[in-house]
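> Handing you a structure now.
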Amino acid sequence: MIFSFEIPLLILLLLTAAGAIIVKDLISAVLILGSYSFVLALVWAWLGAVDVAFVEAVVGAGLATVFFLLTLFNASPKDTEIRRQPVPFIAFLGLPMLGLLLLFAAEDLPEFSDPKSPASVHVSPEYLEQSYQKTDTENVVTSVLMDYRGFDTLIETAVIFTAGIACALLLRRDSK
Amino acid sequence: MKIFFLIVLITITLLIVVYLYRVMRGPTVFDRVLGLNGISTKAIILLVVIGTVYGRVDMFVDISTGYALINLVGSLAIAKYLEERRELANDAD
């Protein structure tokens with residue numbers, strides 16, 4: 001794709017991120033973060049990572065907004081305003097230099113959709129060629145998730161289950 | 001035909017900027033909520049148009065449907081929050 005539509009999307013992303021920092025009260029910041037997640041999901045969709053876009057839309061724009069709002073509701077009204085501290089001088093000096101360093105390091109990353117990048121030559125060909133013979137699963141993604149990385153998925157599930165229990169305990173209405 | 005869809009993409013992105021102005025500047029919270037709703041509808045349409053450009057509309061329609069459902073849940077949560085906060089303010093008076 002010659003036309004790089006991601007550039008206007010990335011400009012929108014920067015605008016929304018800056019707006020979420022600049023804005024005065026927290027509920028507006030939460031809403032602006034919701035629009036940030038929408039734009040980020042569009043970026044993922046444009047780059048072809050459809051599943052990541054779906055997760056970003058559901059978790060970032062939907063669930064995160066709801067959780068932020070629940071937190072704001074349980075906080076007292078004086079906590080929902082932002083009292084700004086003056087930015088220290090070292091942050092003004094150091095953070096742009098850190099950004100420049102990261103941009104400089106990003107020069108070494110492989111090109112987008114480069115077939116010789118380390119991620120595509122390490123284990124991906126083996127998964128694509130032999131996963132059906134080894135695991136008898138028709139979907140490659142499922143075989144990687146459930147067979148090759150089964151323990152990873154198991155413990156991830158445990159983490160998410162624990163987080164769900166913690167949320168349910170914290171958000172009980174009659175816990176007074 | 002591809003040029004047409006790209007122009008549609010650019011136009012809808014410009015429309016998102018207009019909504020974004022209302023979300024950023026909006027004097028009240030309701031302006032921001034309405035702006036966010038507008039942005040999400042434009043994002044749904046943008047997803048379908050991106051799917052058309054890539055020739056995989058069937059997949060992208062699923063995502064945009066999920067988007068729309070989740071957006072409804074978010075809007076409901078915001079409305080609930082505003083309602084309960086108003087009740088709280090009335091109790092304090």
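Residues are named by chain letter and number: chains run A, B, ... in the order of the structure tokens, numbers start at 1 in each chain, and ligands are numbered from 1 in the order shown.
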Show me, as a PyMOL selection string, the residues of chain B whose atoms get within 6 Å of chain A, using only C-alpha atoms for the distance check.
chain B and resi 63+70+74+77
> Filtering to all heavy atoms, could you give me those residues as a PDB file, in the first residue's frame?

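So out10.pdb came out as:
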```pdb
ATOM      1  N   ILE B  63     -15.831  -6.745  13.338  1.00  0.00           N
ATOM      2  CA  ILE B  63     -15.186  -5.859  14.308  1.00  0.00           C
ATOM      3  C   ILE B  63     -16.021  -4.621  14.548  1.00  0.00           C
ATOM      4  O   ILE B  63     -16.201  -4.180  15.682  1.00  0.00           O
ATOM      5  CB  ILE B  63     -13.815  -5.431  13.808  1.00  0.00           C
ATOM      6  CG1 ILE B  63     -12.977  -6.645  13.528  1.00  0.00           C
ATOM      7  CG2 ILE B  63     -13.120  -4.566  14.810  1.00  0.00           C
ATOM      8  CD1 ILE B  63     -11.724  -6.267  12.889  1.00  0.00           C
ATOM      9  N   ILE B  70     -19.930  -2.339  22.120  1.00  0.00           N
ATOM     10  CA  ILE B  70     -19.152  -1.883  23.262  1.00  0.00           C
ATOM     11  C   ILE B  70     -19.343  -0.386  23.479  1.00  0.00           C
ATOM     12  O   ILE B  70     -19.414   0.103  24.607  1.00  0.00           O
ATOM     13  CB  ILE B  70     -17.671  -2.227  23.020  1.00  0.00           C
ATOM     14  CG1 ILE B  70     -17.474  -3.718  23.183  1.00  0.00           C
ATOM     15  CG2 ILE B  70     -16.781  -1.499  23.972  1.00  0.00           C
ATOM     16  CD1 ILE B  70     -17.834  -4.219  24.539  1.00  0.00           C
ATOM     17  N   GLY B  74     -20.358   1.632  26.876  1.00  0.00           N
ATOM     18  CA  GLY B  74     -19.633   2.788  27.407  1.00  0.00           C
ATOM     19  C   GLY B  74     -20.544   3.982  27.613  1.00  0.00           C
ATOM     20  O   GLY B  74     -20.496   4.646  28.652  1.00  0.00           O
ATOM     21  N   ALA B  77     -22.654   3.511  30.622  1.00  0.00           N
ATOM     22  CA  ALA B  77     -21.906   3.715  31.864  1.00  0.00           C
ATOM     23  C   ALA B  77     -21.746   5.197  32.150  1.00  0.00           C
ATOM     24  O   ALA B  77     -21.919   5.655  33.292  1.00  0.00           O
ATOM     25  CB  ALA B  77     -20.539   3.039  31.764  1.00  0.00           C
TER      26      ALA B  77
END
```
> For Ile10 (chain B), work out the shell of residues within 12 Å, counting only C-alpha atoms and skipping chain neighbours fewer than 5 positions away, then give it as an MDAnalysis selection string.
(chainID A and resid 3:9) or (chainID B and resid 3:5 15:17 42 46 49:50)
> Excluding Cys167 (chain A) and its own-chain neighbours fewer than 5 positions away, which residues fall within 12 Å of it when counting only C-alpha atoms? Please give them as a list in words.
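Everything that qualifies: Phe67, Leu70, Thr71, Ile160, Phe161, Thr162, Arg172 and Arg173 of chain A.
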> Put those residues in a file: N, CA, C and O atoms, as a PDB file, in the first residue's frame.

```
ATOM      1  N   PHE A  67     -14.398   1.128  33.670  1.00  0.00           N
ATOM      2  CA  PHE A  67     -13.679   0.976  34.938  1.00  0.00           C
ATOM      3  C   PHE A  67     -13.221   2.320  35.486  1.00  0.00           C
ATOM      4  O   PHE A  67     -13.298   2.581  36.685  1.00  0.00           O
ATOM      5  N   LEU A  70     -16.193   3.923  37.046  1.00  0.00           N
ATOM      6  CA  LEU A  70     -16.529   3.328  38.339  1.00  0.00           C
ATOM      7  C   LEU A  70     -15.588   3.834  39.420  1.00  0.00           C
ATOM      8  O   LEU A  70     -16.008   4.142  40.544  1.00  0.00           O
ATOM      9  N   THR A  71     -14.286   3.947  39.070  1.00  0.00           N
ATOM     10  CA  THR A  71     -13.320   4.469  40.040  1.00  0.00           C
ATOM     11  C   THR A  71     -13.647   5.898  40.412  1.00  0.00           C
ATOM     12  O   THR A  71     -13.627   6.276  41.594  1.00  0.00           O
ATOM     13  N   ILE A 160      -6.165 -13.249  34.756  1.00  0.00           N
ATOM     14  CA  ILE A 160      -7.389 -12.518  34.416  1.00  0.00           C
ATOM     15  C   ILE A 160      -8.515 -12.887  35.376  1.00  0.00           C
ATOM     16  O   ILE A 160      -9.307 -12.045  35.807  1.00  0.00           O
ATOM     17  N   PHE A 161      -8.558 -14.178  35.772  1.00  0.00           N
ATOM     18  CA  PHE A 161      -9.585 -14.616  36.725  1.00  0.00           C
ATOM     19  C   PHE A 161      -9.408 -13.904  38.070  1.00  0.00           C
ATOM     20  O   PHE A 161     -10.375 -13.405  38.664  1.00  0.00           O
ATOM     21  N   THR A 162      -8.121 -13.811  38.530  1.00  0.00           N
ATOM     22  CA  THR A 162      -7.858 -13.111  39.787  1.00  0.00           C
ATOM     23  C   THR A 162      -8.274 -11.650  39.685  1.00  0.00           C
ATOM     24  O   THR A 162      -8.880 -11.101  40.622  1.00  0.00           O
ATOM     25  N   ARG A 172     -18.419  -4.185  44.921  1.00  0.00           N
ATOM     26  CA  ARG A 172     -19.679  -4.587  45.522  1.00  0.00           C
ATOM     27  C   ARG A 172     -20.403  -3.369  46.082  1.00  0.00           C
ATOM     28  O   ARG A 172     -19.803  -2.525  46.734  1.00  0.00           O
ATOM     29  N   ARG A 173     -21.705  -3.296  45.856  1.00  0.00           N
ATOM     30  CA  ARG A 173     -22.441  -2.117  46.267  1.00  0.00           C
ATOM     31  C   ARG A 173     -22.689  -2.099  47.775  1.00  0.00           C
ATOM     32  O   ARG A 173     -22.615  -1.073  48.429  1.00  0.00           O
TER      33      ARG A 173
END
```
> If we count only C-alpha atoms and set the cut-off at 10 Å, which residues sit around Val144 (chain A), ignoring sequence neighbours fewer than 6 positions away in its own chain? Please answer as a PyMOL selection string.
chain A and resi 124+127-128+131+135+137+150+153
> Using Å and a single decimal, report how far CA of Leu95 (chain A) sits from CA of Leu109 (chain A).
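Those two atoms sit 21.4 Å apart.
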> Which polymer residues have any atom within 12 Å of an atom of Thr65 (chain B), counting only C-alpha atoms, with same-chain residues fewer than 5 positions away left out, as a list in words?
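Using only C-alpha atoms, the neighbours found are Phe54, Ala57 and Val58 of chain A; Ser40, Thr41, Ala43, Ile44, Ile45, Leu47, Val48, Asp58, Met59, Phe60, Ile70, Asn71 and Leu72 of chain B.
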> If you count only C-alpha atoms, which residues fall within 12 Å of Arg83 (chain A), apart from same-chain ones fewer than 2 positions away, as a PyMOL selection string?
chain A and resi 22-26+78-81+85-86
> Selected residues, all heavy atoms, written as a PDB file, in the first residue's frame, please.

```pdb
ATOM      1  N   ILE A  22      -3.765  17.601  28.941  1.00  0.00           N
ATOM      2  CA  ILE A  22      -3.953  19.033  29.175  1.00  0.00           C
ATOM      3  C   ILE A  22      -5.266  19.329  29.899  1.00  0.00           C
ATOM      4  O   ILE A  22      -5.348  20.265  30.680  1.00  0.00           O
ATOM      5  CB  ILE A  22      -3.884  19.777  27.818  1.00  0.00           C
ATOM      6  CG1 ILE A  22      -2.454  19.724  27.285  1.00  0.00           C
ATOM      7  CG2 ILE A  22      -4.323  21.206  27.948  1.00  0.00           C
ATOM      8  CD1 ILE A  22      -2.344  20.194  25.882  1.00  0.00           C
ATOM      9  N   VAL A  23      -6.294  18.486  29.677  1.00  0.00           N
ATOM     10  CA  VAL A  23      -7.648  18.847  30.077  1.00  0.00           C
ATOM     11  C   VAL A  23      -7.760  18.973  31.605  1.00  0.00           C
ATOM     12  O   VAL A  23      -6.955  18.406  32.351  1.00  0.00           O
ATOM     13  CB  VAL A  23      -8.626  17.795  29.513  1.00  0.00           C
ATOM     14  CG1 VAL A  23      -8.629  16.564  30.364  1.00  0.00           C
ATOM     15  CG2 VAL A  23      -9.999  18.365  29.354  1.00  0.00           C
ATOM     16  N   LYS A  24      -8.777  19.729  32.065  1.00  0.00           N
ATOM     17  CA  LYS A  24      -8.822  20.147  33.465  1.00  0.00           C
ATOM     18  C   LYS A  24      -9.337  19.064  34.422  1.00  0.00           C
ATOM     19  O   LYS A  24      -8.747  18.803  35.447  1.00  0.00           O
ATOM     20  CB  LYS A  24      -9.725  21.365  33.605  1.00  0.00           C
ATOM     21  CG  LYS A  24      -9.162  22.610  32.968  1.00  0.00           C
ATOM     22  CD  LYS A  24      -8.072  23.218  33.823  1.00  0.00           C
ATOM     23  CE  LYS A  24      -7.736  24.616  33.348  1.00  0.00           C
ATOM     24  NZ  LYS A  24      -7.398  24.640  31.912  1.00  0.00           N
ATOM     25  N   ASP A  25     -10.486  18.433  34.094  1.00  0.00           N
ATOM     26  CA  ASP A  25     -11.053  17.491  35.069  1.00  0.00           C
ATOM     27  C   ASP A  25     -10.938  16.067  34.562  1.00  0.00           C
ATOM     28  O   ASP A  25     -10.780  15.816  33.367  1.00  0.00           O
ATOM     29  CB  ASP A  25     -12.509  17.847  35.372  1.00  0.00           C
ATOM     30  CG  ASP A  25     -13.346  17.856  34.139  1.00  0.00           C
ATOM     31  OD1 ASP A  25     -12.798  18.138  33.052  1.00  0.00           O
ATOM     32  OD2 ASP A  25     -14.545  17.570  34.225  1.00  0.00           O
ATOM     33  N   LEU A  26     -11.032  15.111  35.486  1.00  0.00           N
ATOM     34  CA  LEU A  26     -10.691  13.736  35.151  1.00  0.00           C
ATOM     35  C   LEU A  26     -11.721  13.077  34.262  1.00  0.00           C
ATOM     36  O   LEU A  26     -11.374  12.237  33.436  1.00  0.00           O
ATOM     37  CB  LEU A  26     -10.545  12.924  36.448  1.00  0.00           C
ATOM     38  CG  LEU A  26      -9.193  13.058  37.128  1.00  0.00           C
ATOM     39  CD1 LEU A  26      -9.152  12.221  38.366  1.00  0.00           C
ATOM     40  CD2 LEU A  26      -8.092  12.628  36.201  1.00  0.00           C
ATOM     41  N   LYS A  78     -13.595  15.930  45.376  1.00  0.00           N
ATOM     42  CA  LYS A  78     -12.395  16.769  45.301  1.00  0.00           C
ATOM     43  C   LYS A  78     -11.215  16.003  44.697  1.00  0.00           C
ATOM     44  O   LYS A  78     -10.232  16.606  44.286  1.00  0.00           O
ATOM     45  CB  LYS A  78     -12.029  17.308  46.668  1.00  0.00           C
ATOM     46  CG  LYS A  78     -11.339  16.312  47.587  1.00  0.00           C
ATOM     47  CD  LYS A  78     -10.893  17.019  48.850  1.00  0.00           C
ATOM     48  CE  LYS A  78     -10.452  16.045  49.922  1.00  0.00           C
ATOM     49  NZ  LYS A  78      -9.439  15.106  49.525  1.00  0.00           N
ATOM     50  N   ASP A  79     -11.335  14.672  44.631  1.00  0.00           N
ATOM     51  CA  ASP A  79     -10.252  13.906  44.020  1.00  0.00           C
ATOM     52  C   ASP A  79     -10.357  13.865  42.504  1.00  0.00           C
ATOM     53  O   ASP A  79      -9.405  13.460  41.839  1.00  0.00           O
ATOM     54  CB  ASP A  79     -10.266  12.470  44.540  1.00  0.00           C
ATOM     55  CG  ASP A  79      -9.801  12.390  45.976  1.00  0.00           C
ATOM     56  OD1 ASP A  79      -9.025  13.273  46.360  1.00  0.00           O
ATOM     57  OD2 ASP A  79     -10.219  11.477  46.695  1.00  0.00           O
ATOM     58  N   THR A  80     -11.515  14.253  41.946  1.00  0.00           N
ATOM     59  CA  THR A  80     -11.670  14.161  40.504  1.00  0.00           C
ATOM     60  C   THR A  80     -11.193  15.408  39.775  1.00  0.00           C
ATOM     61  O   THR A  80     -11.325  15.483  38.573  1.00  0.00           O
ATOM     62  CB  THR A  80     -13.132  13.905  40.136  1.00  0.00           C
ATOM     63  OG1 THR A  80     -13.918  14.981  40.629  1.00  0.00           O
ATOM     64  CG2 THR A  80     -13.624  12.620  40.739  1.00  0.00           C
ATOM     65  N   GLU A  81     -10.650  16.382  40.494  1.00  0.00           N
ATOM     66  CA  GLU A  81     -10.031  17.519  39.813  1.00  0.00           C
ATOM     67  C   GLU A  81      -8.528  17.336  39.834  1.00  0.00           C
ATOM     68  O   GLU A  81      -7.977  16.724  40.744  1.00  0.00           O
ATOM     69  CB  GLU A  81     -10.394  18.829  40.505  1.00  0.00           C
ATOM     70  CG  GLU A  81     -11.846  19.214  40.295  1.00  0.00           C
ATOM     71  CD  GLU A  81     -12.286  20.277  41.259  1.00  0.00           C
ATOM     72  OE1 GLU A  81     -11.403  20.823  41.958  1.00  0.00           O
ATOM     73  OE2 GLU A  81     -13.484  20.541  41.333  1.00  0.00           O
ATOM     74  N   GLN A  85       1.192  20.048  39.357  1.00  0.00           N
ATOM     75  CA  GLN A  85       2.477  20.473  39.903  1.00  0.00           C
ATOM     76  C   GLN A  85       3.266  21.105  38.760  1.00  0.00           C
ATOM     77  O   GLN A  85       3.108  20.705  37.608  1.00  0.00           O
ATOM     78  CB  GLN A  85       3.255  19.266  40.439  1.00  0.00           C
ATOM     79  CG  GLN A  85       2.472  18.372  41.365  1.00  0.00           C
ATOM     80  CD  GLN A  85       2.299  18.970  42.729  1.00  0.00           C
ATOM     81  OE1 GLN A  85       3.074  19.829  43.115  1.00  0.00           O
ATOM     82  NE2 GLN A  85       1.284  18.545  43.450  1.00  0.00           N
ATOM     83  N   PRO A  86       4.115  22.099  39.062  1.00  0.00           N
ATOM     84  CA  PRO A  86       4.988  22.612  38.005  1.00  0.00           C
ATOM     85  C   PRO A  86       5.968  21.526  37.553  1.00  0.00           C
ATOM     86  O   PRO A  86       6.471  20.751  38.362  1.00  0.00           O
ATOM     87  CB  PRO A  86       5.710  23.780  38.686  1.00  0.00           C
ATOM     88  CG  PRO A  86       5.547  23.551  40.140  1.00  0.00           C
ATOM     89  CD  PRO A  86       4.247  22.850  40.316  1.00  0.00           C
TER      90      PRO A  86
END
```
> What does the structure give for the distance between CA of Leu14 (chain A) and CA of Leu20 (chain B), in Å to one decimal?
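Calculated distance between CA of Leu14 (chain A) and CA of Leu20 (chain B) is 12.0 Å.
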